[in-house]
Structures are given as C-alpha cells and as structure tokens.
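Data from my_file.cif: mmCIF, C-alpha atoms
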```cif
data_upload
#
loop_
_atom_site.label_atom_id
_atom_site.label_comp_id
_atom_site.auth_asym_id
_atom_site.auth_seq_id
_atom_site.Cartn_x
_atom_site.Cartn_y
_atom_site.Cartn_z
CA MET A 170 80.02 122.48 65.86
CA THR A 171 81.16 119.91 63.27
CA GLU A 172 78.28 118.09 61.63
CA HIS A 173 78.32 114.30 61.72
CA LYS A 174 76.13 111.83 59.91
CA GLN A 175 73.22 110.65 62.00
CA TYR A 176 73.80 107.19 63.41
CA THR A 177 71.27 104.44 62.84
CA PRO A 178 71.91 101.39 65.05
CA PRO A 179 72.23 98.13 63.11
CA GLU A 180 69.99 95.18 63.85
CA VAL A 181 72.92 93.41 65.54
CA TRP A 182 75.78 95.36 67.13
CA GLN A 183 79.36 94.54 66.21
CA GLN A 184 82.47 96.04 67.79
CA PRO A 185 84.03 98.73 65.56
CA GLU A 186 87.73 98.58 64.76
CA SER A 187 88.22 101.94 66.50
CA ASP A 188 85.88 104.58 67.87
CA GLY A 189 88.52 107.32 67.85
CA ASN A 190 88.93 107.82 71.60
CA LYS A 191 92.21 107.34 73.48
CA TRP A 192 91.02 104.19 75.25
CA ALA A 193 89.69 102.43 72.14
CA SER A 194 92.56 99.95 72.02
CA ILE A 195 91.70 98.45 75.44
CA ASN A 196 87.90 98.53 75.22
CA ARG A 197 86.33 95.18 74.46
CA PRO A 198 82.95 93.47 74.89
CA VAL A 199 84.20 90.40 76.80
CA SER A 200 85.76 89.86 80.22
CA GLY A 201 88.73 87.80 81.35
CA ALA A 202 92.48 87.77 80.92
CA THR A 203 94.15 88.55 77.61
CA HIS A 204 97.64 87.41 78.61
CA GLN A 205 99.52 85.47 81.25
CA LYS A 206 101.42 87.55 83.76
CA ALA A 207 101.78 86.87 87.46
CA ARG A 208 101.00 89.72 89.81
CA GLN A 209 103.82 91.22 91.81
CA THR A 210 103.93 90.80 95.57
CA GLY A 211 105.89 92.56 98.28
CA LYS A 212 106.53 92.16 102.00
CA GLN A 213 103.73 94.35 103.38
CA PRO A 214 100.47 92.93 104.79
CA LEU A 215 98.34 94.59 102.09
CA GLN A 216 99.06 94.34 98.37
CA LEU A 217 97.41 97.05 96.26
CA TYR A 218 97.21 97.06 92.46
CA SER A 219 96.10 100.43 91.21
CA LEU A 220 96.54 103.72 89.38
CA ALA A 221 96.10 107.27 90.70
CA THR A 222 92.74 107.91 89.09
CA PRO A 223 90.06 109.19 91.47
CA ASN A 224 88.94 105.60 92.13
CA GLY A 225 92.51 104.55 92.84
CA GLN A 226 93.18 107.55 95.08
CA LYS A 227 90.33 106.58 97.39
CA VAL A 228 92.21 103.51 98.60
CA THR A 229 95.70 105.04 98.85
CA ILE A 230 94.27 108.00 100.77
CA MET A 231 92.49 105.58 103.11
CA LEU A 232 95.67 103.59 103.69
CA GLU A 233 97.71 106.73 104.37
CA GLU A 234 95.01 107.99 106.76
CA LEU A 235 95.14 104.68 108.64
CA LEU A 236 98.92 104.85 108.89
CA ALA A 237 98.69 108.48 110.08
CA ALA A 238 96.25 107.28 112.74
CA GLY A 239 98.85 104.83 114.03
CA VAL A 240 97.52 101.64 112.42
CA ALA A 241 100.83 99.97 111.55
CA GLU A 242 99.00 96.88 110.27
CA ALA A 243 97.76 98.99 107.32
CA GLU A 244 101.23 99.00 105.71
CA TYR A 245 101.01 98.26 102.04
CA ASP A 246 102.79 97.71 98.77
CA ALA A 247 101.19 99.65 95.91
CA TRP A 248 101.90 98.32 92.43
CA LEU A 249 101.26 100.46 89.36
CA VAL A 250 98.66 99.10 86.93
CA ASP A 251 99.07 100.79 83.55
CA ILE A 252 95.53 100.61 82.20
CA SER A 253 96.56 102.26 78.93
CA SER A 254 98.66 99.20 78.09
CA GLY A 255 96.18 96.62 79.38
CA ASP A 256 97.84 95.58 82.66
CA GLN A 257 94.35 95.11 84.11
CA PHE A 258 93.78 92.20 81.72
CA SER A 259 96.76 90.18 82.94
CA SER A 260 96.00 86.80 84.50
CA GLY A 261 97.44 87.90 87.84
CA PHE A 262 95.23 90.98 88.05
CA VAL A 263 92.12 89.16 86.85
CA GLU A 264 92.71 86.59 89.60
CA VAL A 265 92.08 89.38 92.13
CA ASN A 266 89.49 91.34 90.15
CA PRO A 267 87.64 89.45 87.42
CA ASN A 268 86.09 92.78 86.38
CA SER A 269 89.52 94.12 85.28
CA LYS A 270 89.16 97.54 86.89
CA ILE A 271 91.43 99.30 89.36
CA PRO A 272 91.80 99.30 92.30
CA ALA A 273 92.23 95.72 93.49
CA MET A 274 93.79 94.59 96.75
CA VAL A 275 94.89 91.43 98.54
CA ASP A 276 94.95 91.10 102.34
CA THR A 277 97.75 88.58 102.92
CA THR A 278 97.11 88.37 106.68
CA THR A 279 94.02 86.15 106.33
CA SER A 280 93.86 82.45 105.50
CA PRO A 281 93.03 82.08 102.72
CA GLN A 282 94.13 85.48 101.48
CA THR A 283 91.26 87.95 100.94
CA MET A 284 90.79 89.22 97.39
CA LEU A 285 89.15 92.66 97.19
CA PHE A 286 87.87 94.80 94.35
CA GLU A 287 85.58 97.83 93.91
CA SER A 288 86.82 100.90 95.74
CA GLY A 289 83.79 101.21 98.01
CA SER A 290 84.12 97.58 99.10
CA ILE A 291 87.83 98.07 99.84
CA LEU A 292 87.16 101.22 101.90
CA LEU A 293 84.46 99.48 103.93
CA TYR A 294 86.66 96.41 104.46
CA LEU A 295 89.56 98.51 105.74
CA ALA A 296 87.34 100.68 107.94
CA GLU A 297 85.78 97.64 109.59
CA LYS A 298 89.03 95.68 109.84
CA PHE A 299 90.85 98.50 111.62
CA ASP A 300 87.85 100.21 113.26
CA HIS A 301 88.60 103.64 111.82
CA PHE A 302 86.73 106.24 109.75
CA ILE A 303 83.23 104.89 110.33
CA PRO A 304 81.35 107.11 112.82
CA ALA A 305 80.40 105.61 116.18
CA SER A 306 77.08 107.44 116.28
CA PRO A 307 74.36 105.22 114.75
CA HIS A 308 72.84 108.13 112.80
CA GLU A 309 76.19 109.29 111.47
CA LYS A 310 77.14 105.71 110.60
CA VAL A 311 73.99 105.40 108.49
CA ALA A 312 74.75 108.75 106.87
CA CYS A 313 78.27 107.54 106.11
CA MET A 314 76.91 104.44 104.37
CA ASN A 315 74.29 106.49 102.51
CA TRP A 316 76.89 108.84 101.06
CA LEU A 317 79.44 106.11 100.38
CA PHE A 318 76.94 104.23 98.23
CA TRP A 319 75.70 107.50 96.70
CA GLN A 320 79.22 108.06 95.42
CA MET A 321 79.47 104.58 93.94
CA GLY A 322 76.24 105.11 92.00
CA SER A 323 76.69 108.76 91.06
CA ALA A 324 80.34 109.15 90.03
CA PRO A 325 79.93 107.14 86.79
CA TYR A 326 77.76 110.00 85.52
CA LEU A 327 80.64 112.36 86.27
CA GLY A 328 83.49 110.20 84.96
CA GLY A 329 82.10 107.93 82.30
CA GLY A 330 79.45 110.47 81.36
CA PHE A 331 80.60 114.07 81.66
CA GLY A 332 84.34 113.40 81.72
CA HIS A 333 84.25 111.09 78.73
CA PHE A 334 82.17 113.27 76.44
CA TYR A 335 83.74 116.57 77.55
CA SER A 336 87.38 115.43 77.47
CA TYR A 337 87.89 112.09 75.73
CA ALA A 338 85.30 111.62 72.99
CA PRO A 339 86.74 111.86 69.46
CA TYR A 340 84.67 114.97 68.71
CA PRO A 341 82.33 117.25 70.73
CA MET A 342 78.72 116.09 70.87
CA GLU A 343 76.19 118.59 72.15
CA TYR A 344 73.49 116.23 73.40
CA PRO A 345 75.63 114.02 75.73
CA ILE A 346 77.67 116.98 76.95
CA ASN A 347 74.50 118.85 77.89
CA ARG A 348 72.93 115.74 79.41
CA PHE A 349 75.86 114.87 81.64
CA THR A 350 76.74 118.49 82.48
CA MET A 351 73.22 118.94 83.81
CA GLU A 352 73.53 115.83 85.96
CA THR A 353 77.02 116.76 87.19
CA LYS A 354 75.86 120.23 88.22
CA ARG A 355 72.84 118.70 89.97
CA GLN A 356 75.21 116.48 91.95
CA LEU A 357 77.46 119.42 92.82
CA ASP A 358 74.44 121.39 93.99
CA LEU A 359 73.31 118.45 96.10
CA LEU A 360 76.70 118.18 97.80
CA ASP A 361 76.92 121.95 98.29
CA LYS A 362 73.53 122.07 100.02
CA HIS A 363 74.38 119.11 102.24
CA LEU A 364 77.71 120.59 103.27
CA ALA A 365 76.08 123.91 104.13
CA SER A 366 74.93 122.30 107.38
CA ASN A 367 77.49 119.49 107.79
CA GLU A 368 81.23 119.76 108.29
CA TYR A 369 81.75 116.37 106.68
CA MET A 370 79.56 114.11 104.61
CA ALA A 371 78.37 112.06 107.60
CA GLY A 372 78.06 115.08 109.92
CA SER A 373 80.80 115.97 112.38
CA SER A 374 83.11 113.01 111.66
CA TYR A 375 85.59 112.57 108.81
CA SER A 376 84.80 109.17 107.33
CA ILE A 377 85.12 106.82 104.38
CA ALA A 378 82.27 108.78 102.78
CA ASP A 379 84.56 111.81 102.53
CA ILE A 380 87.45 109.64 101.37
CA ALA A 381 85.28 108.19 98.60
CA ILE A 382 83.72 111.44 97.42
CA TRP A 383 86.68 113.83 97.59
CA PRO A 384 88.86 112.36 94.80
CA TRP A 385 86.00 112.88 92.35
CA TYR A 386 83.98 115.88 93.46
CA GLY A 387 86.54 117.62 95.67
CA GLN A 388 89.18 117.58 92.97
CA LEU A 389 86.63 118.60 90.37
CA VAL A 390 85.81 121.82 92.22
CA LEU A 391 89.52 122.39 92.90
CA GLY A 392 90.07 122.43 89.14
CA ARG A 393 91.99 119.17 88.84
CA LEU A 394 89.62 117.14 86.67
CA TYR A 395 88.88 117.51 82.97
CA ASN A 396 89.98 121.18 82.83
CA ALA A 397 86.32 121.94 83.39
CA ALA A 398 86.27 124.33 86.36
CA THR A 399 85.19 127.36 84.31
CA PHE A 400 82.75 125.38 82.19
CA LEU A 401 81.01 124.01 85.30
CA GLN A 402 81.31 127.30 87.27
CA VAL A 403 82.61 125.39 90.27
CA ASN A 404 83.20 128.56 92.31
CA GLU A 405 79.44 128.78 92.76
CA TYR A 406 79.56 125.85 95.18
CA THR A 407 81.01 127.64 98.20
CA HIS A 408 80.26 125.01 100.85
CA LEU A 409 81.62 122.25 98.64
CA GLN A 410 84.71 124.37 98.04
CA ARG A 411 85.22 124.78 101.80
CA TRP A 412 85.00 121.01 102.33
CA ALA A 413 87.25 120.23 99.34
CA LYS A 414 90.00 122.56 100.57
CA GLN A 415 89.69 121.30 104.14
CA ILE A 416 90.30 117.71 103.05
CA ASP A 417 92.95 118.69 100.52
CA ALA A 418 94.98 120.13 103.42
CA ARG A 419 95.18 116.80 105.25
CA PRO A 420 98.74 115.40 105.07
CA ALA A 421 97.53 111.85 104.43
CA VAL A 422 95.45 113.06 101.49
CA ARG A 423 98.47 114.76 99.97
CA ARG A 424 100.43 111.53 100.39
CA GLY A 425 97.74 109.20 99.11
CA ARG A 426 96.88 111.12 95.97
CA ILE A 427 100.40 110.77 94.49
CA VAL A 428 100.75 107.00 94.94
CA ASN A 429 100.68 104.99 91.69
CA ARG A 430 100.97 108.24 89.76
CA THR A 431 103.32 108.85 86.84
CA TRP A 432 102.19 112.35 85.83
CA GLY A 433 101.93 115.83 87.34
CA ASP A 434 104.38 118.24 88.93
CA ASP A 435 103.23 117.88 92.56
CA GLY A 436 104.58 114.40 93.20
CA GLN A 437 104.84 111.02 91.50
CA VAL A 438 105.26 107.68 93.27
CA ALA A 439 104.84 104.95 90.66
CA ASN A 440 105.20 102.10 93.16
CA ARG A 441 105.07 102.45 96.93
CA HIS A 442 106.61 99.92 99.34
CA SER A 443 107.20 102.03 102.46
CA ALA A 444 106.59 105.51 103.81
CA HIS A 445 110.06 106.50 102.63
CA ASP A 446 108.99 106.23 99.00
CA ILE A 447 106.53 109.09 99.52
CA ASP A 448 108.77 110.99 101.94
CA ASN A 449 111.59 111.11 99.41
CA VAL A 450 109.33 112.55 96.70
CA LEU A 451 107.63 115.15 98.90
CA SER A 452 110.91 116.32 100.39
CA GLY A 453 112.13 117.17 96.90
CA LEU A 454 109.16 119.37 95.98
#
```
Show me, as structure tokens, the structure contained in the file I just sent.
Amino acid sequence: MTEHKQYTPPEVWQQPESDGNKWASINRPVSGATHQKARQTGKQPLQLYSLATPNGQKVTIMLEELLAAGVAEAEYDAWLVDISSGDQFSSGFVEVNPNSKIPAMVDTTTSPQTMLFESGSILLYLAEKFDHFIPASPHEKVACMNWLFWQMGSAPYLGGGFGHFYSYAPYPMEYPINRFTMETKRQLDLLDKHLASNEYMAGSSYSIADIAIWPWYGQLVLGRLYNAATFLQVNEYTHLQRWAKQIDARPAVRRGRIVNRTWGDDGQVANRHSAHDIDNVLSGL
C-alpha cells in the first residue's frame, strides 16, 4: 500500500481546491442554487427529476410497479439530472429539493403542487396515494416501515462509506475500507438471516421495503455495484441471493432500473415520457 503523510486537522477547516476524487468539482460546503435554470415539465401527472443510481432506481421501479398494477394515474415524465455536471444545483431543481440530491418529484395533480424529495418519502407518498405496496396486515405494515427506514439509515454506510473508499477515493486507505467493509458485511448478514424465514422484507408481501432495499443490497450481491462481489464474498449470502434474483426477475424492476440511465449495455432511457420509451429500448436488446 502507498504510504501517505499522516493528516493533522487544522484548527479551522477550509475547503481544499481538490481532494482528488471524481466528484470533487461538485462537492461544496454550502447549500442552494449555483445557477438559474428552470426545471423541465411534461404532460404526465408526476414529474420526476433523477438519475439511475440506486436511490433514483427506487422511485422509477416503484412507478413502473404501479403502472404494471394498473394504476394509470402513476404515469410520469422522468427527466435526467446529470449530477456530474451540477444539474442538481440549478434553481429549478433546488425549488423542488433544497438539499440538491436526486431523486426529486412533483405531483402536479394537487393544488398547490406537491414537492417531494428523499427516496423513502417519495415511496411512502406513492404507496399511500395509490394504496399499493404497503401490506394490509398490521404486523407486516410495521415490518415494512421498519425495513424502509432501516434502509434509509443504513445505505449511507454502503454507498458513502464502503462504495466511496473502495471505488472512488483518490487512493486506497486501509482503515476506512476495513471499517466500512465490516459494516457492509454485517448488514448483508442481517438481511440474509432475515430472508431465511421471510419471502420478502415485510414477510409474505412485496412492498416498498423491498423496492427501497433491492437497488442497493440486491444489486450489490448480484455483482452490479462497485465491482466488489468477490471482495465481499457475496455468494455466502444465499437467502439474500434468492431474494435479489426473485426481484430482479420482475418486469417492472427491469423497466425501472434503466430509466434516467446513460450507461450500460442492458438498456438506457435517458428521459422517459411514456411506456413506449422503455418498450422501444427493451425490444432492441
């Protein structure tokens, strides 16, 4: 391992010119818009502003599941937000999400229009609005909420912790990689043990808990995140693997995971305005 000079924090922190990682140019210590740009709007009831990261895929999978369930009112326009170029700091995006993170969504059917941000909040809003993917059983409903909020609190250790230091940091650092690998494997073990006796996260019903957790942990054990499947020995988690493959086979999941995506060889739909946009891409694969 390359040796680096030990860091001693200064008395007062100041932002460095660059920290060497690929996202350094858009990281900053203040919030708010950096430039004026109106957000785009389409004709559908729901306007989504996102990117096909795991957090973004949660919402597009949910919307495609609702449409597959016959909820026509869940039609949506999905507009690509290029976070590498700072689209999330435009005035139009910040109007919807002052935190400048994807995904963000506007429900145009309410008066005034409803501004939504944070993926878990969006999933819960859609599930309650359309009465789908929250279990009817009181005990399973509580389990659904437990696991939904577990994901919101736990995934930052996987993404911002393990994923950052394993894949994006300017050089390998043993301490943070070990620290976040240990926590990631603990989380995988937790999910594997839970799924040993439950078909889905909330029990017998597919729910927004599964939709929230799968893009992160399901895709991780399927080898789609951080090129880390061997490093993390994901094949050890047999029950989690079963669940991940079961959800991966759902047609709506296949559709949702390629929306607002501009990379990969299994489908790219940069902007989605109707079902035909996805149909046309999948039919050509």
Between A:Glu234, A:Asp361, A:Glu180, A:Glu405, which residue has the minimum interatomic distance to Gly425 of chain A, considering only C-alpha atoms?
A:Glu234
When the PyMOL selection byres ((chain A and resi 430-441) around 12) is applied to the file above, which residues end up in the set, as a ChimeraX atom specification?
/A:209-213,215-223,225-226,229,232-233,244-251,393,423-429,442-454
Would you mind exporting the chosen residues as a short mmCIF file (atom, residue, chain, number, x, y, z; two decimals), in the coordinates of the input, restricted to C-alpha atoms?
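That gives us part-v6.cif:
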```cif
data_model
loop_
_atom_site.label_atom_id
_atom_site.label_comp_id
_atom_site.auth_asym_id
_atom_site.auth_seq_id
_atom_site.Cartn_x
_atom_site.Cartn_y
_atom_site.Cartn_z
CA GLN A 209 103.82 91.22 91.81
CA THR A 210 103.93 90.80 95.57
CA GLY A 211 105.89 92.56 98.28
CA LYS A 212 106.53 92.16 102.00
CA GLN A 213 103.73 94.35 103.38
CA LEU A 215 98.34 94.59 102.09
CA GLN A 216 99.06 94.34 98.37
CA LEU A 217 97.41 97.05 96.26
CA TYR A 218 97.21 97.06 92.46
CA SER A 219 96.10 100.43 91.21
CA LEU A 220 96.54 103.72 89.38
CA ALA A 221 96.10 107.27 90.70
CA THR A 222 92.74 107.91 89.09
CA PRO A 223 90.06 109.19 91.47
CA GLY A 225 92.51 104.55 92.84
CA GLN A 226 93.18 107.55 95.08
CA THR A 229 95.70 105.04 98.85
CA LEU A 232 95.67 103.59 103.69
CA GLU A 233 97.71 106.73 104.37
CA GLU A 244 101.23 99.00 105.71
CA TYR A 245 101.01 98.26 102.04
CA ASP A 246 102.79 97.71 98.77
CA ALA A 247 101.19 99.65 95.91
CA TRP A 248 101.90 98.32 92.43
CA LEU A 249 101.26 100.46 89.36
CA VAL A 250 98.66 99.10 86.93
CA ASP A 251 99.07 100.79 83.55
CA ARG A 393 91.99 119.17 88.84
CA ARG A 423 98.47 114.76 99.97
CA ARG A 424 100.43 111.53 100.39
CA GLY A 425 97.74 109.20 99.11
CA ARG A 426 96.88 111.12 95.97
CA ILE A 427 100.40 110.77 94.49
CA VAL A 428 100.75 107.00 94.94
CA ASN A 429 100.68 104.99 91.69
CA HIS A 442 106.61 99.92 99.34
CA SER A 443 107.20 102.03 102.46
CA ALA A 444 106.59 105.51 103.81
CA HIS A 445 110.06 106.50 102.63
CA ASP A 446 108.99 106.23 99.00
CA ILE A 447 106.53 109.09 99.52
CA ASP A 448 108.77 110.99 101.94
CA ASN A 449 111.59 111.11 99.41
CA VAL A 450 109.33 112.55 96.70
CA LEU A 451 107.63 115.15 98.90
CA SER A 452 110.91 116.32 100.39
CA GLY A 453 112.13 117.17 96.90
CA LEU A 454 109.16 119.37 95.98
#
```
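Picture a line from atom CA of Leu401 of chain A to atom CA of Met351 of chain A; it runs 9.4 Å.
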Per residue of segment 331-450 of chain A within 6 Å of segment 298-321 of chain A, what are the shortest atom pair and its distance in Å to one decimal, counting all atoms listed in the file, with rows by chain and residue number, as a tab-separated table?
```
residue	atom	partner	partner_atom	distance
A:Ala371	CA	A:Cys313	CA	4.8
A:Ser376	CA	A:Phe302	CA	4.3
A:Ile377	CA	A:Phe302	CA	5.6
A:Ala378	CA	A:Leu317	CA	4.6
A:Ile382	CA	A:Gln320	CA	6.0
```
Using all atoms listed in the file, pick whichever of A:Pro185, A:Pro420, A:Gly387, A:Gly239 has the shortest atom-to-atom distance to Thr407 of chain A.
A:Gly387
Write out as a PyMOL selection string which residues come within 7 Å of Ala338 of chain A when counting all atoms listed in the file, dropping same-chain ones fewer than 4 positions away.
chain A and resi 190+333-334
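The spacing separating atom CA of Leu327 of chain A from atom CA of Thr353 of chain A amounts to 5.8 Å.
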Reference answer for the PyMOL selection byres ((chain A and resi 339) around 9), as an MDAnalysis selection string:
chainID A and resid 188:191 334 336:338 340:341
Could you tell me, as an mmCIF file with C-alpha atoms, in the frame of the given file, exactly which residues end up selected when the PyMOL selection byres ((chain A and resi 269-276) around 7) is applied to this structure?
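Written file, result36.cif:
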```cif
data_model
loop_
_atom_site.group_PDB
_atom_site.id
_atom_site.type_symbol
_atom_site.label_atom_id
_atom_site.label_comp_id
_atom_site.auth_asym_id
_atom_site.auth_seq_id
_atom_site.Cartn_x
_atom_site.Cartn_y
_atom_site.Cartn_z
ATOM 1 C CA PRO A 214 100.470 92.930 104.790
ATOM 2 C CA LEU A 215 98.340 94.590 102.090
ATOM 3 C CA GLN A 216 99.060 94.340 98.370
ATOM 4 C CA LEU A 217 97.410 97.050 96.260
ATOM 5 C CA TYR A 218 97.210 97.060 92.460
ATOM 6 C CA SER A 219 96.100 100.430 91.210
ATOM 7 C CA LEU A 220 96.540 103.720 89.380
ATOM 8 C CA ASN A 224 88.940 105.600 92.130
ATOM 9 C CA GLY A 225 92.510 104.550 92.840
ATOM 10 C CA GLN A 257 94.350 95.110 84.110
ATOM 11 C CA PHE A 258 93.780 92.200 81.720
ATOM 12 C CA VAL A 263 92.120 89.160 86.850
ATOM 13 C CA VAL A 265 92.080 89.380 92.130
ATOM 14 C CA ASN A 266 89.490 91.340 90.150
ATOM 15 C CA PRO A 267 87.640 89.450 87.420
ATOM 16 C CA ASN A 268 86.090 92.780 86.380
ATOM 17 C CA THR A 277 97.750 88.580 102.920
ATOM 18 C CA THR A 278 97.110 88.370 106.680
ATOM 19 C CA THR A 279 94.020 86.150 106.330
ATOM 20 C CA GLN A 282 94.130 85.480 101.480
ATOM 21 C CA THR A 283 91.260 87.950 100.940
ATOM 22 C CA MET A 284 90.790 89.220 97.390
ATOM 23 C CA LEU A 285 89.150 92.660 97.190
ATOM 24 C CA PHE A 286 87.870 94.800 94.350
ATOM 25 C CA GLU A 287 85.580 97.830 93.910
ATOM 26 C CA SER A 288 86.820 100.900 95.740
#
```
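Atom CA of Ser290 of chain A sits 22.9 Å away from atom CA of Leu389 of chain A.
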